[in-house]
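Encoded as structure tokens, the structure appears first; notes follow it.
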Amino acid sequence: IRHHRHKYLLAMNYAGIPGSLVQGKLFGTFKGCFTGAMDKPGIMEMADGGTIFLDEINSMPLGLQSKMLRAIQDQKVRRIGAAKEKGVSLKIISATNTHTHKAVAKGDLRGDLLFRLGVVMVEIPPLRERRGDIPILVRHFIKKLNQRLGKKVELLSPSLEEAFARYHWPGNVRELEHAIEGAMN
């Protein structure tokens with residue numbers, strides 16, 4: 001058994017990558033398998049001995065989900081166009097932007113992949129259901145954005161704090177971060 005705690009964490013968001021490129025990013029490519037193809041490892045191979053974070057896995061094309069399931073079960077990956085597989089040992093953390101069982105029922109996520117990945121499942125409620133987290137997140141985002149924007153903002157005005165507490169936050173934590181960034185700009 002390999003220890004994963006001292007290795008890298010690599011992340012991939014499927015919603016941000018065109019479907020035709022996802023397989024190459026995930027499994028890698030073998031030189032000559034298509035015009036311009038380079039001999040390049042995918043993130044599963046690069047993360048060997050470490051951890052990968054697969055964000056919005058329900059956005060992964062279903063055909064690729066079956067290849068992902070096989071790679072997880074066999075602990076092997078094959079670059080596009082390669083004849084040989086390579087063994088990998090890695091931990092996988094995945095996330096969906098919808099409830100997992102609803103994604104399976106809708107046909108966006110394979111049930112067998114969910115059960116293979118879902119050894120430990122944590123559901124994070126939307127921000128509107130955990131309003132007590134808003135002040136903590138606000139402080140975090142102000143600190144982060146102060147560094148990035150070269151600002152010295154310390155806190156929200158009481159009226160803005162009250163407005164944030166009452167707001168429904170349909171865009172969740174990302175919307176909160178963008179609201180703070182907009183205000184700081």
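So you can find residues: chains in the structure tokens are A, B, ... in the order shown, residues in each start at 1, and ligands are numbered from 1 in order.
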
| query | Where does DSSP see alpha helix (DSSP H) in chain A, if you list the residues as an MDAnalysis selection string? | reply | chainID A and resid 19:27 43:46 62:74 100:106 111:117 134:149 158:166 172:184

| request: Name all residues at most 8 Å from Asp55 (chain A) (count only C-alpha atoms; drop same-chain ones fewer than 5 positions away) and give them as a PyMOL selection string. | output: chain A and resi 11-14+94-96

Please dump the current selection as a short mmCIF file (atom, residue, chain, number, x, y, z; two decimals), in the first residue's frame; keep N, CA, C and O atoms.
```cif
data_model
loop_
_atom_site.label_atom_id
_atom_site.label_comp_id
_atom_site.auth_asym_id
_atom_site.auth_seq_id
_atom_site.Cartn_x
_atom_site.Cartn_y
_atom_site.Cartn_z
N ALA A 11 -6.31 18.47 -9.83
CA ALA A 11 -7.75 18.69 -9.98
C ALA A 11 -8.12 18.81 -11.45
O ALA A 11 -7.34 19.28 -12.27
N MET A 12 -9.36 18.38 -11.75
CA MET A 12 -9.88 18.49 -13.10
C MET A 12 -11.37 18.80 -13.01
O MET A 12 -12.10 18.12 -12.30
N ASN A 13 -11.81 19.83 -13.73
CA ASN A 13 -13.22 20.21 -13.77
C ASN A 13 -13.75 19.90 -15.16
O ASN A 13 -13.33 20.49 -16.13
N TYR A 14 -14.67 18.95 -15.24
CA TYR A 14 -15.17 18.51 -16.53
C TYR A 14 -16.01 19.55 -17.23
O TYR A 14 -16.06 19.58 -18.45
N SER A 94 -14.26 13.25 -5.62
CA SER A 94 -15.09 13.77 -6.70
C SER A 94 -16.22 14.62 -6.14
O SER A 94 -16.59 14.48 -4.97
N ALA A 95 -16.74 15.48 -7.00
CA ALA A 95 -17.85 16.35 -6.59
C ALA A 95 -18.82 16.49 -7.75
O ALA A 95 -18.45 16.35 -8.92
N THR A 96 -20.07 16.72 -7.41
CA THR A 96 -21.09 17.02 -8.41
C THR A 96 -21.74 18.34 -8.04
O THR A 96 -21.71 18.75 -6.88
#
```

Residues near Val153 (chain A), cut-off 12 Å, only C-alpha atoms, skip fewer than 6 positions along chain, as a CSV table (one decimal) with N, CA and C atoms, in the first residue's frame:
```csv
chain,number,residue,atom,x,y,z
A,138,VAL,N,-17.0,35.3,4.4
A,138,VAL,CA,-16.8,36.7,4.1
A,138,VAL,C,-15.4,37.0,4.5
A,139,ARG,N,-15.0,36.7,5.8
A,139,ARG,CA,-13.6,37.0,6.3
A,139,ARG,C,-12.6,36.3,5.4
A,140,HIS,N,-12.8,35.1,5.0
A,140,HIS,CA,-11.9,34.3,4.2
A,140,HIS,C,-11.7,35.0,2.8
A,141,PHE,N,-12.8,35.4,2.2
A,141,PHE,CA,-12.8,36.0,0.9
A,141,PHE,C,-12.2,37.4,0.9
A,142,ILE,N,-12.4,38.1,1.9
A,142,ILE,CA,-11.8,39.5,2.1
A,142,ILE,C,-10.3,39.3,2.2
A,143,LYS,N,-9.9,38.4,3.0
A,143,LYS,CA,-8.4,38.2,3.2
A,143,LYS,C,-7.8,37.8,1.8
A,144,LYS,N,-8.4,36.8,1.2
A,144,LYS,CA,-7.9,36.3,-0.1
A,144,LYS,C,-7.9,37.5,-1.2
A,145,LEU,N,-9.0,38.2,-1.2
A,145,LEU,CA,-9.1,39.3,-2.3
A,145,LEU,C,-8.2,40.5,-1.9
A,146,ASN,N,-8.0,40.7,-0.6
A,146,ASN,CA,-7.0,41.8,-0.2
A,146,ASN,C,-5.6,41.5,-0.8
A,147,GLN,N,-5.2,40.3,-0.7
A,147,GLN,CA,-3.9,39.9,-1.2
A,147,GLN,C,-3.9,40.0,-2.7
A,180,ILE,N,-18.5,39.9,-3.1
A,180,ILE,CA,-17.4,40.5,-2.3
A,180,ILE,C,-16.4,41.1,-3.2
A,181,GLU,N,-16.0,40.4,-4.2
A,181,GLU,CA,-15.0,40.9,-5.2
A,181,GLU,C,-15.5,42.2,-5.9
A,183,ALA,N,-17.8,44.3,-4.8
A,183,ALA,CA,-17.8,45.4,-3.8
A,183,ALA,C,-16.4,45.9,-3.6
A,184,MET,N,-15.4,45.0,-3.5
A,184,MET,CA,-14.0,45.5,-3.3
A,184,MET,C,-13.5,46.2,-4.5
A,185,ASN,N,-13.9,45.9,-5.6
A,185,ASN,CA,-13.5,46.6,-6.8
A,185,ASN,C,-14.1,47.9,-6.9
```

| task | Using only C-alpha atoms, determine which residues lie at most 12 Å from Met38 (chain A), disregarding the query and same-chain residues fewer than 2 positions distant; provide the list as number ranges by chain. | result | A: 24-25, 28-36, 40-42, 79-82

| Which residue, A:Leu117, A:Ile72, A:Leu156, A:Ala165, has the smallest gap to Gly87 (chain A) when you use only C-alpha atoms? |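 Distance minimum relative to Gly87 (chain A) lands on A:Ile72.
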
| said: Restricting the calculation to only C-alpha atoms: of A:Ile124, A:Ala15, A:Val77, A:Leu21, which residue gets closest to Asp48 (chain A)? | reply: A:Val77

| task | For Pro126 (chain A), please output as an MDAnalysis selection string all residues within 8 Å (counting only C-alpha atoms; exclusion window: fewer than 3 positions along the same chain). | result | chainID A and resid 129:130 172

Written file, previous selection with C-alpha atoms, as an mmCIF file, in the first residue's frame:
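Wrote result_13.cif, looks like this:
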```cif
data_model
loop_
_atom_site.group_PDB
_atom_site.id
_atom_site.type_symbol
_atom_site.label_atom_id
_atom_site.label_comp_id
_atom_site.auth_asym_id
_atom_site.auth_seq_id
_atom_site.Cartn_x
_atom_site.Cartn_y
_atom_site.Cartn_z
ATOM 1 C CA GLU A 129 -29.234 26.516 4.548
ATOM 2 C CA ARG A 130 -26.085 27.347 6.518
ATOM 3 C CA ASN A 172 -24.028 29.559 -3.503
#
```

| request: For CA of Gly150 (chain A) and CA of Trp169 (chain A), determine how far apart the two atoms are, in Å to one decimal place. | output: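 Those two atoms sit 26.7 Å apart.
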
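Summary of the local environment: counting only C-alpha atoms, residues at most 9 Å from Leu109 (chain A), other than itself and those fewer than 6 positions away along its chain, are Ile57, Asn58, Ser59, Met60, Pro61, Leu62, Gln65, Thr100, His101, Lys102 and Ala103 of chain A.
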
Take the residues that were just selected and, keeping N, CA, C and O atoms, output them as a PDB file, in the first residue's frame.
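Okay, selection-v5.pdb is ready:
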```pdb
ATOM      1  N   ILE A  57     -18.145  15.811 -11.823  1.00  0.00           N
ATOM      2  CA  ILE A  57     -17.993  14.546 -12.538  1.00  0.00           C
ATOM      3  C   ILE A  57     -19.258  14.172 -13.303  1.00  0.00           C
ATOM      4  O   ILE A  57     -19.208  13.451 -14.290  1.00  0.00           O
ATOM      5  N   ASN A  58     -20.389  14.695 -12.882  1.00  0.00           N
ATOM      6  CA  ASN A  58     -21.643  14.430 -13.594  1.00  0.00           C
ATOM      7  C   ASN A  58     -21.666  15.095 -14.969  1.00  0.00           C
ATOM      8  O   ASN A  58     -22.526  14.783 -15.791  1.00  0.00           O
ATOM      9  N   SER A  59     -20.724  15.979 -15.244  1.00  0.00           N
ATOM     10  CA  SER A  59     -20.608  16.610 -16.564  1.00  0.00           C
ATOM     11  C   SER A  59     -19.714  15.805 -17.508  1.00  0.00           C
ATOM     12  O   SER A  59     -19.599  16.135 -18.679  1.00  0.00           O
ATOM     13  N   MET A  60     -19.072  14.750 -16.987  1.00  0.00           N
ATOM     14  CA  MET A  60     -18.220  13.896 -17.817  1.00  0.00           C
ATOM     15  C   MET A  60     -19.112  13.092 -18.763  1.00  0.00           C
ATOM     16  O   MET A  60     -20.126  12.546 -18.334  1.00  0.00           O
ATOM     17  N   PRO A  61     -18.756  13.018 -20.042  1.00  0.00           N
ATOM     18  CA  PRO A  61     -19.559  12.216 -20.974  1.00  0.00           C
ATOM     19  C   PRO A  61     -19.718  10.774 -20.470  1.00  0.00           C
ATOM     20  O   PRO A  61     -18.781  10.204 -19.906  1.00  0.00           O
ATOM     21  N   LEU A  62     -20.903  10.190 -20.672  1.00  0.00           N
ATOM     22  CA  LEU A  62     -21.196   8.848 -20.157  1.00  0.00           C
ATOM     23  C   LEU A  62     -20.226   7.784 -20.665  1.00  0.00           C
ATOM     24  O   LEU A  62     -19.831   6.888 -19.915  1.00  0.00           O
ATOM     25  N   GLN A  65     -17.278   7.987 -18.632  1.00  0.00           N
ATOM     26  CA  GLN A  65     -17.519   7.504 -17.272  1.00  0.00           C
ATOM     27  C   GLN A  65     -17.260   5.996 -17.184  1.00  0.00           C
ATOM     28  O   GLN A  65     -16.715   5.514 -16.198  1.00  0.00           O
ATOM     29  N   THR A 100     -26.319  13.544  -6.098  1.00  0.00           N
ATOM     30  CA  THR A 100     -25.788  12.409  -6.856  1.00  0.00           C
ATOM     31  C   THR A 100     -26.864  11.433  -7.327  1.00  0.00           C
ATOM     32  O   THR A 100     -26.837  10.993  -8.473  1.00  0.00           O
ATOM     33  N   HIS A 101     -27.803  11.105  -6.465  1.00  0.00           N
ATOM     34  CA  HIS A 101     -28.827  10.128  -6.861  1.00  0.00           C
ATOM     35  C   HIS A 101     -29.768  10.712  -7.915  1.00  0.00           C
ATOM     36  O   HIS A 101     -30.258   9.979  -8.785  1.00  0.00           O
ATOM     37  N   LYS A 102     -29.984  12.017  -7.888  1.00  0.00           N
ATOM     38  CA  LYS A 102     -30.783  12.667  -8.930  1.00  0.00           C
ATOM     39  C   LYS A 102     -30.029  12.643 -10.257  1.00  0.00           C
ATOM     40  O   LYS A 102     -30.620  12.461 -11.313  1.00  0.00           O
ATOM     41  N   ALA A 103     -28.699  12.833 -10.194  1.00  0.00           N
ATOM     42  CA  ALA A 103     -27.879  12.787 -11.410  1.00  0.00           C
ATOM     43  C   ALA A 103     -27.918  11.394 -12.034  1.00  0.00           C
ATOM     44  O   ALA A 103     -27.969  11.252 -13.255  1.00  0.00           O
TER      45      ALA A 103
END
```

| message | To one decimal place in Å, what is the distance between CA of Phe53 (chain A) and CA of Leu9 (chain A)? | response |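 Those two atoms sit 7.1 Å apart.
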
Need the shell around Ile52 (chain A): protein/DNA/RNA residues with any atom at most 8 Å away, counting only C-alpha atoms. Skip same-chain ones fewer than 2 positions apart. Format as a CSV table (one decimal) with all heavy atoms, in the first residue's frame?
```csv
chain,number,residue,atom,x,y,z
A,9,LEU,N,-1.9,16.8,-5.1
A,9,LEU,CA,-3.3,16.8,-5.4
A,9,LEU,C,-3.5,17.5,-6.7
A,9,LEU,O,-3.2,18.6,-6.9
A,9,LEU,CB,-4.2,17.5,-4.3
A,9,LEU,CG,-5.6,17.7,-4.6
A,9,LEU,CD1,-6.4,16.4,-4.6
A,9,LEU,CD2,-6.3,18.7,-3.6
A,10,LEU,N,-4.1,16.7,-7.7
A,10,LEU,CA,-4.3,17.3,-9.0
A,10,LEU,C,-5.8,17.4,-9.2
A,10,LEU,O,-6.6,16.5,-8.8
A,10,LEU,CB,-3.7,16.4,-10.1
A,10,LEU,CG,-2.2,16.3,-10.1
A,10,LEU,CD1,-1.7,15.3,-11.2
A,10,LEU,CD2,-1.5,17.6,-10.3
A,11,ALA,N,-6.3,18.5,-9.8
A,11,ALA,CA,-7.7,18.7,-10.0
A,11,ALA,C,-8.1,18.8,-11.4
A,11,ALA,O,-7.3,19.3,-12.3
A,11,ALA,CB,-8.2,19.9,-9.2
A,12,MET,N,-9.4,18.4,-11.7
A,12,MET,CA,-9.9,18.5,-13.1
A,12,MET,C,-11.4,18.8,-13.0
A,12,MET,O,-12.1,18.1,-12.3
A,12,MET,CB,-9.7,17.2,-13.9
A,12,MET,CG,-10.1,17.2,-15.3
A,12,MET,SD,-9.5,15.8,-16.1
A,12,MET,CE,-10.2,16.0,-17.7
A,43,ILE,N,-3.9,13.2,-16.1
A,43,ILE,CA,-3.8,13.5,-14.7
A,43,ILE,C,-3.8,12.3,-13.8
A,43,ILE,O,-3.2,12.3,-12.7
A,43,ILE,CB,-4.8,14.6,-14.2
A,43,ILE,CG1,-6.2,14.0,-14.2
A,43,ILE,CG2,-4.8,15.9,-15.0
A,43,ILE,CD1,-7.2,14.8,-13.4
A,44,MET,N,-4.5,11.2,-14.3
A,44,MET,CA,-4.5,10.0,-13.5
A,44,MET,C,-3.1,9.4,-13.4
A,44,MET,O,-2.7,8.9,-12.3
A,44,MET,CB,-5.4,9.0,-14.0
A,44,MET,CG,-6.9,9.3,-13.8
A,44,MET,SD,-8.1,8.1,-14.3
A,44,MET,CE,-7.9,6.9,-12.9
A,47,ALA,N,-0.9,11.8,-11.2
A,47,ALA,CA,-1.2,11.8,-9.8
A,47,ALA,C,-0.9,10.4,-9.1
A,47,ALA,O,-1.2,10.2,-8.0
A,47,ALA,CB,-2.7,12.0,-9.6
A,50,GLY,N,-0.7,9.8,-5.5
A,50,GLY,CA,-1.3,10.9,-4.8
A,50,GLY,C,-2.8,10.9,-4.9
A,50,GLY,O,-3.4,9.8,-4.9
A,54,LEU,N,-11.9,15.3,-9.0
A,54,LEU,CA,-12.7,15.3,-10.2
A,54,LEU,C,-13.9,16.2,-9.9
A,54,LEU,O,-14.9,15.7,-9.3
A,54,LEU,CB,-13.0,13.9,-10.7
A,54,LEU,CG,-11.8,13.0,-10.8
A,54,LEU,CD1,-12.3,11.6,-11.2
A,54,LEU,CD2,-10.9,13.5,-11.9
A,90,LEU,N,-3.9,5.7,-6.7
A,90,LEU,CA,-4.3,7.0,-6.3
A,90,LEU,C,-5.6,7.0,-5.6
A,90,LEU,O,-6.4,6.1,-5.6
A,90,LEU,CB,-4.4,7.9,-7.5
A,90,LEU,CG,-5.1,7.4,-8.8
A,90,LEU,CD1,-6.5,7.7,-8.7
A,90,LEU,CD2,-4.5,8.1,-10.0
A,91,LYS,N,-5.8,8.1,-4.8
A,91,LYS,CA,-7.1,8.4,-4.2
A,91,LYS,C,-7.8,9.3,-5.1
A,91,LYS,O,-7.3,10.2,-5.8
A,91,LYS,CB,-6.9,9.0,-2.8
A,91,LYS,CG,-6.3,8.1,-1.8
A,91,LYS,CD,-6.3,8.7,-0.4
A,91,LYS,CE,-5.7,7.7,0.6
A,91,LYS,NZ,-5.7,8.3,1.9
A,92,ILE,N,-9.2,9.2,-5.1
A,92,ILE,CA,-10.0,10.0,-5.9
A,92,ILE,C,-11.0,10.7,-5.0
A,92,ILE,O,-11.8,10.0,-4.3
A,92,ILE,CB,-10.7,9.2,-7.0
A,92,ILE,CG1,-9.7,8.5,-7.9
A,92,ILE,CG2,-11.7,10.1,-7.8
A,92,ILE,CD1,-10.3,7.6,-9.0
A,93,ILE,N,-11.1,12.0,-5.2
A,93,ILE,CA,-12.1,12.8,-4.5
A,93,ILE,C,-13.0,13.4,-5.7
A,93,ILE,O,-12.4,13.9,-6.6
A,93,ILE,CB,-11.6,14.0,-3.7
A,93,ILE,CG1,-10.7,13.4,-2.6
A,93,ILE,CG2,-12.7,14.8,-3.1
A,93,ILE,CD1,-9.8,14.5,-1.9
```

| field | Option closest in space to Gln23 (chain A), from A:Leu160, A:Arg70, A:Arg78, A:Glu56 [counting only C-alpha atoms] | value | A:Arg78
